[in-house]
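Visitor: Structure below; questions to follow.
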Amino acid sequence: MKMGVTVTLNNPEEINKIQEKEVDLTAQRIQTVLNAGANVILTSKGIDDSALKYFSGSNAIACRRVTPKDMRRIAKATGATLQLNMADLNGDESFDPSMLGHAEEVYEDKIRDDTVIMIKGPKLQPINTVLLRGPNEMMCDEMQRSLIDATSVVKRILDSNMVVAGGGAIEAAVSTHLENFATMLGSREQLAIAEFAEALLVIPKTLAVNAAKDATDLVAKLRAVHSLAQSDPTKTSLSKCGLDLTAGTVRNNFNAGVVEPAIGKIKVIQFATEAALTVLRIDDLIKLNRKENTGEALE
C-alpha cells in the first residue's frame with residue numbers, strides 16, 4: 001500500500017469488508033466532486049468500471065488516462081486547477097468549486113475509427129486543434145514538423161513586429177555591404193571581413209541548389225542587384241530583392257509576400273558568429289599517437 005502501510009489479515013472474510021469500504025470511499029469522493037457542480041471529469045489515472053456507474057447516473061462525462069500535457073492545456077484554457085488529492089487542512093476530504101473550469105460545450109465525437117472528446121468555447125482563452133491525417137505515420141510526423149515550423153515563424157513575427165525580405169535577400173545585402181566596407185580597411189581585418197561576407201552567401205547558394213537552379217548565376221545576379229541598390233540612392237527599393245526559386249529569377253520578395261521574422265535573422269547571424277569565434281579561439285591541439293603493435297599475443 002501507499003506510504004509503506006502493511007495490513008495483515010487473519011480472517012479471510014475481512015477482505016470483503018475492506019473492498020466494500022474502498023468502494024464506499026470512492027463513491028464518496030465521486031459524489032463530493034459531483035456536488036461541487038462538475039459534469040466533466042478528466043484524470044490521468046484509470047477509472048474502475050464499478051466507479052463509472054456513479055458518473056453515468058449523474059449524466060457526467062469521465063475521461064481516464066488523459067495525458068498530463070493535455071490536462072495542463074485544458075486547465076489553462078478553461079480556468080480549471082489541477083488537483084492531486086482531495087485532502088484539506090482539517091484532515092478531511094473536500095473539493096472547492098472554485099477549482100472548476102468552464103466551457104460552452106463538451107461532447108464525444110467519432111472521427112473515422114477514433115473516438116475523441118471535443119471541448120468548445122473555453123472560458124479563458126480560445127484554443128484550436130489541428131487534425132492531421134495522412135497515409136502513414138511517417139507522413140503525419142512530417143506534416144506535424146512543417147506545421148510547427150510555420151506556426152513558430154508566425155509567432156516570432158507577432159512577437160517582434162518586424163519582418164524582412166526572404167529568399168536570401170538579407171544575406172546578400174549584408175554580404176555586399178561588408179565587401180564594400182572591407183575595401184576601406186588597410187589591415188588584416190580586411191581579409192576576415194571579406195571571408196565573413198563570402199560565408200553569408202552560403203544561404204542563397206543553398207536555396208538555389210535545393211531548388212535545382214544554377215546557384216552561381218542566381219547569386220551573381222542577386223549580388224549585382226544589391227550592389228546597385230547600395231550605390232544608387234534612387235534604387236533603394238532593390239534592397240528587398242531575393243531569389244524566386246520557382247521561376248529561377250531575382251524579384252522583390254517583400255512585395256511578393258516572401259518574408260521572414262527579423263529576430264530570426266539576427267539570432268542566426270549572432271549564433272553563427274559566436275560559434276566561429278569559439279573555434280578560432282582554440283590554440284591548442286592534443287594529438288594521441290596510435291599505439292604500435294608489438295606483436296605480442298594477449299593471454
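Letters A, B, ... mark the chains of the C-alpha cells in the order given; residue numbers begin at 1 per chain; ligand numbers begin at 1, in order shown.
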Within 12 Å of Val154 (chain A), counting only C-alpha atoms, which residues qualify if same-chain residues fewer than 3 places away don't, as an MDAnalysis selection string?
Guide: chainID A and resid 147:151 157:163 259:264
Visitor: Using only C-alpha atoms, determine which residues lie at most 6 Å from region 215-228 of chain A, disregarding the query and same-chain residues fewer than 4 positions distant; provide the list as a ChimeraX atom specification.
Guide: /A:173,205,208-209,232,239
Visitor: Could those selected residues go to a file with all heavy atoms, as a compact mmCIF listing (two decimals), in the first residue's frame?
Guide:
# COMPACT_ATOMS: atom_id res chain seq x y z
N ALA A 173 22.41 41.31 -49.06
CA ALA A 173 22.58 42.73 -48.75
C ALA A 173 23.71 42.94 -47.74
O ALA A 173 24.56 43.83 -47.92
CB ALA A 173 21.27 43.30 -48.22
N LYS A 205 23.06 30.44 -51.91
CA LYS A 205 23.57 29.35 -52.75
C LYS A 205 22.87 28.04 -52.43
O LYS A 205 22.49 27.29 -53.34
CB LYS A 205 25.08 29.21 -52.54
CG LYS A 205 25.92 30.32 -53.15
CD LYS A 205 27.40 30.10 -52.89
CE LYS A 205 28.24 31.22 -53.48
NZ LYS A 205 29.69 31.03 -53.20
N ALA A 208 19.34 27.98 -53.85
CA ALA A 208 19.32 27.74 -55.29
C ALA A 208 19.62 26.28 -55.61
O ALA A 208 18.99 25.69 -56.50
CB ALA A 208 20.33 28.66 -55.98
N VAL A 209 20.57 25.68 -54.91
CA VAL A 209 20.92 24.27 -55.16
C VAL A 209 19.74 23.36 -54.80
O VAL A 209 19.43 22.42 -55.54
CB VAL A 209 22.18 23.89 -54.36
CG1 VAL A 209 22.42 22.39 -54.43
CG2 VAL A 209 23.39 24.63 -54.91
N ASP A 232 23.37 53.34 -55.62
CA ASP A 232 22.50 54.32 -56.25
C ASP A 232 21.33 54.64 -55.31
O ASP A 232 20.51 53.77 -55.03
CB ASP A 232 21.97 53.78 -57.58
CG ASP A 232 21.25 54.85 -58.39
OD1 ASP A 232 21.02 55.96 -57.86
OD2 ASP A 232 20.92 54.58 -59.57
N SER A 239 16.83 46.74 -52.60
CA SER A 239 17.42 46.07 -51.43
C SER A 239 16.51 44.96 -50.89
O SER A 239 16.95 44.14 -50.08
CB SER A 239 17.69 47.09 -50.33
OG SER A 239 16.48 47.70 -49.92
Visitor: Hey, what does DSSP flag as strand (DSSP E) within region 30-104 of chain A? Can you give it to me as a short mmCIF file (atom, residue, chain, number, x, y, z; two decimals) with C-alpha atoms, in the first residue's frame?
Guide:
data_model
loop_
_atom_site.label_atom_id
_atom_site.label_comp_id
_atom_site.auth_asym_id
_atom_site.auth_seq_id
_atom_site.Cartn_x
_atom_site.Cartn_y
_atom_site.Cartn_z
CA VAL A 40 -16.84 16.62 -16.89
CA ILE A 41 -14.02 14.89 -15.01
CA LEU A 42 -10.58 14.27 -16.53
CA ILE A 61 -18.53 12.61 -18.54
CA ALA A 62 -15.48 10.87 -17.07
CA CYS A 63 -12.31 10.54 -19.16
CA ALA A 103 -16.55 25.53 -21.35
CA GLU A 104 -19.60 26.06 -23.53
#
Visitor: Enumerate the residues of region 140-247 of chain A with a DSSP assignment of alpha helix (DSSP H), computed from the backbone, and present them as a PyMOL selection string.
Guide: chain A and resi 140-160+169-182+189-200+202-210+215-231
Visitor: If we count only C-alpha atoms, what is near region 129-146 of chain A at a cut-off of 12 Å, once residues fewer than 4 positions away on the same chain are taken out, given as number ranges by chain?
Guide: A: 70, 73-74, 111-112, 114, 116-120, 150-153
Visitor: Quick one: everything within 12 Å of Glu93 (chain A), counting only C-alpha atoms, minus sequence neighbours fewer than 2 positions away in the same chain. Send it as a compact mmCIF listing (two decimals) with N, CA, C and O atoms, in the first residue's frame.
Guide:
# COMPACT_ATOMS: atom_id res chain seq x y z
N LEU A 25 -15.61 4.59 -0.10
CA LEU A 25 -14.77 5.80 -0.11
C LEU A 25 -14.69 6.39 -1.51
O LEU A 25 -14.74 7.62 -1.68
N THR A 26 -14.57 5.52 -2.51
CA THR A 26 -14.54 6.01 -3.89
C THR A 26 -15.85 6.69 -4.26
O THR A 26 -15.87 7.76 -4.89
N GLN A 28 -17.92 8.18 -2.22
CA GLN A 28 -17.99 9.45 -1.51
C GLN A 28 -17.17 10.54 -2.21
O GLN A 28 -17.61 11.68 -2.31
N ARG A 29 -15.98 10.16 -2.66
CA ARG A 29 -15.15 11.13 -3.36
C ARG A 29 -15.79 11.59 -4.67
O ARG A 29 -15.78 12.77 -5.00
N ILE A 30 -16.35 10.64 -5.40
CA ILE A 30 -17.01 10.99 -6.66
C ILE A 30 -18.20 11.90 -6.40
O ILE A 30 -18.41 12.91 -7.09
N GLN A 31 -18.98 11.58 -5.37
CA GLN A 31 -20.16 12.38 -5.06
C GLN A 31 -19.75 13.78 -4.60
O GLN A 31 -20.44 14.77 -4.88
N THR A 32 -18.62 13.90 -3.91
CA THR A 32 -18.14 15.21 -3.48
C THR A 32 -17.81 16.09 -4.68
O THR A 32 -18.13 17.28 -4.71
N VAL A 33 -17.17 15.50 -5.68
CA VAL A 33 -16.83 16.25 -6.89
C VAL A 33 -18.10 16.63 -7.65
O VAL A 33 -18.24 17.76 -8.15
N ASN A 85 -4.93 15.68 -4.97
CA ASN A 85 -5.70 14.92 -3.98
C ASN A 85 -6.79 15.83 -3.43
O ASN A 85 -6.82 17.03 -3.71
N MET A 86 -7.66 15.25 -2.62
CA MET A 86 -8.81 15.99 -2.09
C MET A 86 -8.65 16.31 -0.61
O MET A 86 -9.62 16.75 0.03
N ALA A 87 -7.48 16.11 -0.05
CA ALA A 87 -7.26 16.38 1.37
C ALA A 87 -7.24 17.88 1.63
O ALA A 87 -6.70 18.66 0.83
N ASP A 88 -7.85 18.31 2.75
CA ASP A 88 -7.84 19.72 3.13
C ASP A 88 -7.06 19.90 4.42
O ASP A 88 -6.49 18.94 4.98
N LEU A 89 -7.04 21.12 4.93
CA LEU A 89 -6.25 21.42 6.12
C LEU A 89 -6.83 20.79 7.38
O LEU A 89 -6.13 20.67 8.39
N ASN A 90 -8.10 20.45 7.36
CA ASN A 90 -8.74 19.85 8.53
C ASN A 90 -8.56 18.34 8.60
O ASN A 90 -9.09 17.69 9.51
N GLY A 91 -7.87 17.78 7.62
CA GLY A 91 -7.69 16.34 7.60
C GLY A 91 -8.81 15.59 6.94
O GLY A 91 -8.80 14.35 6.91
N PHE A 95 -13.79 19.30 -1.91
CA PHE A 95 -13.48 19.80 -3.24
C PHE A 95 -14.05 21.21 -3.35
O PHE A 95 -15.25 21.43 -3.15
N ASP A 96 -13.19 22.17 -3.68
CA ASP A 96 -13.59 23.57 -3.78
C ASP A 96 -14.16 23.83 -5.17
O ASP A 96 -13.48 23.59 -6.18
Visitor: Contacts of Asn210 (chain A) at 12 Å or less, counting only C-alpha atoms, minus same-chain residues fewer than 6 places along, as a list of chain:residue names?
Guide: A:Ile203, A:Pro204, A:Leu245, A:Thr246, A:Gly248
Visitor: What lies within 6 Å of Gly101 (chain A) using only C-alpha atoms, ignoring chain neighbours under 6 positions off, as a PyMOL selection string?
Guide: chain A and resi 78-80
Visitor: Nearest to Gly46 (chain A): which of A:Asn289, A:Leu34, A:His102, A:Thr67 is it, counting only C-alpha atoms?
Guide: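 The closest residue to Gly46 (chain A) is A:Thr67.
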Visitor: For Val164 (chain A), which residue out of A:Thr183, A:Gln270, A:Asn253, A:Gln19 is the nearest one, using only C-alpha atoms?
Guide: A:Asn253
